[in-house]
Amino acid sequence: MEHQLQQLESWLTSKENEHVEFKEAKQRYDFEELVNYCVAFANEGGGRLILGVSDKRPRRVVGTDAFKNIERTKLGVVERIHLRIDAEEIAHPDGRVLVFHIPSRPVGVPVQYKGRYFMRAGESLSPMLPDMIKRILDEAGPDFSAEICHGLKIKDLDPEAIEEFRRRWARKSKKDQILHSSAEQILSDAELLLREGLTYAALILFGTRQALGRYLAQSEIIFEYRATEATGPPQQRVEFRQGFFSFYDELWNLVNLRNEKQHFQDGLFIWDILTFNEDAVREAILNAASHRDYRMAGSVFIRQYSRRLEIVSPGGFPAGITPENILWEQAPRNRRIAEALSRCGLVERSGQGMNKIFESCIKESKDKPDFSRSDAYHVWLTLYGEVKNHEFLLLMEFLERTEKERIESFTTEDLLVIDYIFRKKALPPGLKRCLPKLIEHGIIERVSHGRRKVYDFSRRFYDFIDKKGIKTRPRGLDRETSKATLLKYIEECHDSGSRMEEFRQLLPSQSRSQIQVLLRELVKEEKIHNHGKTTAARWYSGPKRADCNHK
């Protein structure tokens with residue numbers, strides 16, 4: 001009972017989204033409307049319909065008398081849409097709450113009621129759009145890349161592309177006999193040549209320009225370089241309508257041609273970081289080749305700007321994949337292509353390519369991959385090349401030097417936690433399970449911030465970067481202790497004076513304005529005084545005297 005009330009409270013305070021909806025339904029709720037909502041939720045991945053709660057924030061429990069016989073209601077829904085629906089009653093002090101838990105539809109099967117397919121539109125229902133129904137139906141379709149390309153012959157494939165595949169496969173598998181097999185045997189062993197003929201995967205990976213033009217003209221990658229954001233023709237445009245193994249390396253070379261190094265130095269530490277990380281770019285290109293929808297017209301576009309790279313591929317995300325779960329879920333749209341790329345070591349069968357992209361961005365202090373411009377018809381990936389904070393590079397240097405064995409075992413989730421803590425952003429609930437491991441390794445620690453507990457990097461890190469003021473960084477100080485800490489530091493540095501920048505390092509949990517308030521109180525108490533204004537100001541111990549003249 002207590003658990004139910006706690007769960008209800010979390011639903012009441014959360015933002016309403018596509019997976020939960022609230023209805024007051026004080027006296028009754030139409031059964032047909034309930035069935036329609038169950039259809040809509042199922043078609044959109046499942047969710048919860050909660051009756052007896054106001055739908056406007058701040059939400060409150062109003063109680064409901066709807067569906068007194070809950071078991072009969074569940075049975076009625078199941079009979080109509082053939083999908084198991086669970087329901088629970090919660091006895092809240094302010095009234096009865098009824099929660100319907102609706103599962104997701106089966107893969108490739110849109111749910112309908114009386115011949116109508118529903119989806120939600122704001123707070124109401126509407127018929128599903130035809131393209132959404134088609135996408136659902138396509139989920140259970142066969143792997144296009146494994147289908148036979150009728151009419152395609154061995155002579156339509158580029159021998160050099162096949163040789164490149166052969167060399168990579170032999171090196172990955174450490175099987176020298178692959179080097180001596182015929183082209184037909186290589187293709188057969190890779191399941192690209194079947195008894196019925198060559199597959200579309202063979203055409204996409206090894207086809208000549210003429211063959212692709214004849215059988216699959218949309219299998220094309222177009223590279224553009226644009227020096228500015230201005231519209232108009234790009235400074236360079238190269239079209240690749242040929243087997244992927246014919247140009248994969250050339251495509252990276254085009255990106256690398258204008259790949260500026262960003263130079264950073266902090267004391268003895270020097271970094272030269274390429275704007276575009278090779279591993280991340282190559283993985284992104286492989287993803288576009290593996291997961292685009294080859295049945296749709298349109299080319300893959302790779303657009304390079306001075307500090308960002310955009311990769312746009314036809315077809316939305318594969319079934320079950322979203323920008324939110326792309327790190328944790330794998331659903332290759334063209335499995336036969338992915339398997340061929342895996343055989344020669346270009347991609348991992350486990351689907352870890354996107355993890356590598358995220359990890360490289362985090363380690364180089366760049367913005368994380370951005371999928372916000374994607375829609376039902378395109379996956380739009382933006383890779384940002386600007387290094388944001390060289391102090392984060394110091395953190396990575398610290399981990400490499402002091403935790404080398406451990407950092408190699410860090411997961412993408414561990415690095416995401418480190419990135420969130422560095423940026424002082426709230427951790428998503430799913431990442432909190434990584435905290436005990438990082439605390440145990442002495443990388444982060446839990447500190448007090450007033451009544452709240454927050455996470456920060458360990459003292460060992462601040463000692464490592466050895467910045468003035470950091471070594472004496474206090475942990476979780478109250479107001480009076482913070483003032484005492486400031487006064488002690490100013491007294492220790494009386495001869496040279498202390499700057500605001502040092503105070504910010506000394507009290508990282510305090511904002512600039514909070515520190516200024518503490519300093520004004522200390523001045524009023526005649527314990528310190530300052531000389532100079534704005535960023536040039538320095539603080540000294542003791543009251544300000546008329547003959548005071550600091551230099």
# chains A, B, ... in the order shown; residues from 1 in each chain; ligands from 1
call {"tool": "select_by_dssp", "arguments": {"residues": "range 344-526 of chain A", "states": "helix (DSSP H, G or I)", "output": "NGL selection string"}}
result
:A and (353-363 or 390-402 or 404-407 or 412-422 or 429-440 or 459-465 or 479-492 or 500-506 or 512-524)
call {"tool": "residues_around", "arguments": {"residues": "Cys149 in chain A", "least_positions_apart": "2", "cutoff": "12 Å", "atoms": "only C-alpha atoms", "output": "list in words"}}
result
Phe144, Ser145, Ala146, Glu147, Gly151, Leu152, Lys153, Ile154, Asp156, Leu192, Leu193, Leu194, Glu196, Gly197, Leu198, Thr199, Tyr200, Ala201, Ala202, Leu203, Ile204, Gly207, Ala211, Leu212, Arg214, Tyr215 and Leu216 of chain A
call {"tool": "closest_residue", "arguments": {"among": "A:Asp55, A:Glu250, A:Glu33, A:Glu229", "to": "Thr13 in chain A", "atoms": "only C-alpha atoms"}}
result
A:Asp55
call {"tool": "select_by_dssp", "arguments": {"residues": "range 351-399 of chain A", "states": "strand (DSSP E)", "output": "list in words"}}
result
His378, Val379, Trp380, Leu381, Thr382, Leu383 and Tyr384 of chain A
call {"tool": "write_last_selection", "arguments": {"atoms": "N, CA and C atoms", "output": "mmCIF file, in the first residue's frame"}}
result
data_model
loop_
_atom_site.group_PDB
_atom_site.id
_atom_site.type_symbol
_atom_site.label_atom_id
_atom_site.label_comp_id
_atom_site.auth_asym_id
_atom_site.auth_seq_id
_atom_site.Cartn_x
_atom_site.Cartn_y
_atom_site.Cartn_z
ATOM 1 N N HIS A 378 14.016 10.685 -41.683
ATOM 2 C CA HIS A 378 15.476 10.841 -41.694
ATOM 3 C C HIS A 378 16.032 10.653 -40.285
ATOM 4 N N VAL A 379 17.224 10.095 -40.216
ATOM 5 C CA VAL A 379 18.019 10.159 -38.988
ATOM 6 C C VAL A 379 19.083 11.216 -39.235
ATOM 7 N N TRP A 380 19.093 12.237 -38.403
ATOM 8 C CA TRP A 380 19.982 13.389 -38.579
ATOM 9 C C TRP A 380 20.911 13.443 -37.371
ATOM 10 N N LEU A 381 22.158 13.089 -37.569
ATOM 11 C CA LEU A 381 23.157 13.083 -36.503
ATOM 12 C C LEU A 381 24.107 14.251 -36.682
ATOM 13 N N THR A 382 24.278 15.038 -35.630
ATOM 14 C CA THR A 382 25.245 16.134 -35.645
ATOM 15 C C THR A 382 26.354 15.828 -34.646
ATOM 16 N N LEU A 383 27.595 15.849 -35.119
ATOM 17 C CA LEU A 383 28.774 15.692 -34.266
ATOM 18 C C LEU A 383 29.447 17.055 -34.150
ATOM 19 N N TYR A 384 29.590 17.533 -32.919
ATOM 20 C CA TYR A 384 30.213 18.840 -32.690
ATOM 21 C C TYR A 384 31.708 18.662 -32.413
#
call {"tool": "residues_around", "arguments": {"residues": "range 353-368 of chain A", "least_positions_apart": "5", "cutoff": "6 Å", "atoms": "only C-alpha atoms", "output": "mmCIF file with N, CA, C and O atoms, in the first residue's frame"}}
result
data_model
loop_
_atom_site.group_PDB
_atom_site.id
_atom_site.type_symbol
_atom_site.label_atom_id
_atom_site.label_comp_id
_atom_site.auth_asym_id
_atom_site.auth_seq_id
_atom_site.Cartn_x
_atom_site.Cartn_y
_atom_site.Cartn_z
ATOM 1 N N ALA A 280 35.032 8.340 -34.080
ATOM 2 C CA ALA A 280 33.634 8.761 -34.023
ATOM 3 C C ALA A 280 33.065 8.959 -35.421
ATOM 4 O O ALA A 280 31.939 8.535 -35.713
ATOM 5 N N GLU A 283 32.608 5.566 -37.215
ATOM 6 C CA GLU A 283 31.466 4.841 -36.667
ATOM 7 C C GLU A 283 30.153 5.444 -37.165
ATOM 8 O O GLU A 283 29.198 4.716 -37.477
ATOM 9 N N TYR A 384 29.590 17.533 -32.919
ATOM 10 C CA TYR A 384 30.213 18.840 -32.690
ATOM 11 C C TYR A 384 31.708 18.662 -32.413
ATOM 12 O O TYR A 384 32.105 17.762 -31.675
ATOM 13 N N GLU A 386 33.867 21.315 -31.372
ATOM 14 C CA GLU A 386 34.446 22.323 -30.475
ATOM 15 C C GLU A 386 34.758 21.721 -29.111
ATOM 16 O O GLU A 386 33.886 21.128 -28.468
ATOM 17 N N VAL A 387 36.001 21.828 -28.665
ATOM 18 C CA VAL A 387 36.373 21.410 -27.314
ATOM 19 C C VAL A 387 35.876 22.477 -26.344
ATOM 20 O O VAL A 387 36.231 23.646 -26.453
ATOM 21 N N LYS A 388 35.042 22.068 -25.383
ATOM 22 C CA LYS A 388 34.324 23.030 -24.558
ATOM 23 C C LYS A 388 35.100 23.493 -23.323
ATOM 24 O O LYS A 388 35.012 24.640 -22.926
#
call {"tool": "residues_around", "arguments": {"residues": "Ser306 in chain A", "least_positions_apart": "4", "cutoff": "9 Å", "atoms": "only C-alpha atoms", "output": "list in words"}}
result
Tyr225, Arg226, Ala227, Thr228, Arg258, Asn259, Glu260, Thr275 and Gly385 of chain A
call {"tool": "residues_around", "arguments": {"residues": "range 338-341 of chain A", "least_positions_apart": "6", "cutoff": "12 Å", "atoms": "only C-alpha atoms", "output": "ChimeraX atom specification"}}
result
/A:143,145-146,162,164-166,168-169,172,186-193,199,201-202,204-206,244-245,248,283,286-292,330-332,347-351,353
call {"tool": "write_last_selection", "arguments": {"atoms": "C-alpha atoms", "output": "short mmCIF file (atom, residue, chain, number, x, y, z; two decimals), in the first residue's frame"}}
result
data_model
loop_
_atom_site.label_atom_id
_atom_site.label_comp_id
_atom_site.auth_asym_id
_atom_site.auth_seq_id
_atom_site.Cartn_x
_atom_site.Cartn_y
_atom_site.Cartn_z
CA ASP A 143 15.86 -7.81 -43.97
CA SER A 145 19.80 -6.32 -47.52
CA ALA A 146 19.40 -10.13 -47.35
CA ILE A 162 36.00 -7.50 -52.67
CA GLU A 164 39.55 -4.94 -49.49
CA PHE A 165 36.85 -6.95 -47.71
CA ARG A 166 38.99 -10.10 -48.01
CA ARG A 168 40.14 -7.00 -43.57
CA TRP A 169 38.34 -10.29 -42.90
CA LYS A 172 40.29 -9.85 -38.19
CA ILE A 186 34.30 -15.29 -50.09
CA LEU A 187 30.83 -14.01 -50.94
CA SER A 188 29.24 -17.37 -50.18
CA ASP A 189 31.00 -17.71 -46.81
CA ALA A 190 29.83 -14.20 -45.91
CA GLU A 191 26.23 -15.15 -46.85
CA LEU A 192 26.21 -12.48 -49.53
CA LEU A 193 25.90 -15.05 -52.32
CA THR A 199 21.96 -10.24 -52.26
CA ALA A 201 24.04 -6.43 -49.38
CA ALA A 202 26.60 -7.63 -51.97
CA ILE A 204 25.63 -2.15 -51.64
CA LEU A 205 29.07 -3.23 -50.37
CA PHE A 206 30.82 -4.15 -53.63
CA PHE A 244 30.93 0.91 -49.82
CA PHE A 245 34.30 -0.85 -49.60
CA TYR A 248 35.12 4.04 -47.09
CA GLU A 283 31.47 4.84 -36.67
CA LEU A 286 29.21 2.90 -40.74
CA ASN A 287 25.93 3.45 -38.89
CA ALA A 288 24.53 5.38 -41.83
CA ALA A 289 25.49 2.59 -44.24
CA SER A 290 24.16 -0.16 -41.96
CA HIS A 291 20.89 1.38 -40.84
CA ARG A 292 19.55 3.61 -43.61
CA GLN A 330 20.21 -2.36 -30.89
CA ALA A 331 17.98 -3.11 -33.88
CA PRO A 332 19.96 -3.29 -37.14
CA VAL A 347 31.66 -2.82 -36.57
CA GLU A 348 30.93 -4.79 -33.42
CA ARG A 349 28.21 -7.45 -33.54
CA SER A 350 27.12 -6.19 -30.12
CA GLY A 351 26.22 -2.82 -31.62
CA GLY A 353 29.40 1.78 -32.33
#
call {"tool": "closest_residue", "arguments": {"among": "A:Arg373, A:His390, A:His180, A:His19", "to": "Gly316 in chain A", "atoms": "only C-alpha atoms"}}
result
A:Arg373
call {"tool": "closest_residue", "arguments": {"among": "A:Val109, A:Leu522, A:Leu346, A:Ala230", "to": "Asp249 in chain A", "atoms": "only C-alpha atoms"}}
result
A:Leu346
call {"tool": "residues_around", "arguments": {"residues": "Gly442 in chain A", "least_positions_apart": "5", "cutoff": "9 Å", "atoms": "only C-alpha atoms", "output": "list in words"}}
result
Lys437, Phe457, Ser458, Arg459 and Arg460 of chain A
call {"tool": "write_last_selection", "arguments": {"atoms": "C-alpha atoms", "output": "PDB file, in the first residue's frame"}}
result
ATOM      1  CA  LYS A 437      31.462   2.156  -8.215  1.00  0.00           C
ATOM      2  CA  PHE A 457      35.193  14.969  -7.744  1.00  0.00           C
ATOM      3  CA  SER A 458      37.543  13.711  -5.085  1.00  0.00           C
ATOM      4  CA  ARG A 459      40.188  15.779  -3.382  1.00  0.00           C
ATOM      5  CA  ARG A 460      42.780  13.673  -5.211  1.00  0.00           C
TER       6      ARG A 460
END
call {"tool": "residues_around", "arguments": {"residues": "Ser126 in chain A", "least_positions_apart": "4", "cutoff": "10 Å", "atoms": "only C-alpha atoms", "output": "PyMOL selection string"}}
result
chain A and resi 36+40+116-122
call {"tool": "atom_distance", "arguments": {"atom1": "CA of Pro543 in chain A", "atom2": "CA of Val523 in chain A"}}
result
7.3 Å
call {"tool": "atom_distance", "arguments": {"atom1": "CA of Val281 in chain A", "atom2": "CA of Trp252 in chain A"}}
result
7.5 Å
call {"tool": "closest_residue", "arguments": {"among": "A:Ala25, A:Ile326, A:Val417, A:Leu179", "to": "Ile439 in chain A", "atoms": "only C-alpha atoms"}}
result
A:Val417
call {"tool": "atom_distance", "arguments": {"atom1": "CA of Gln112 in chain A", "atom2": "CA of Phe41 in chain A"}}
result
11.3 Å
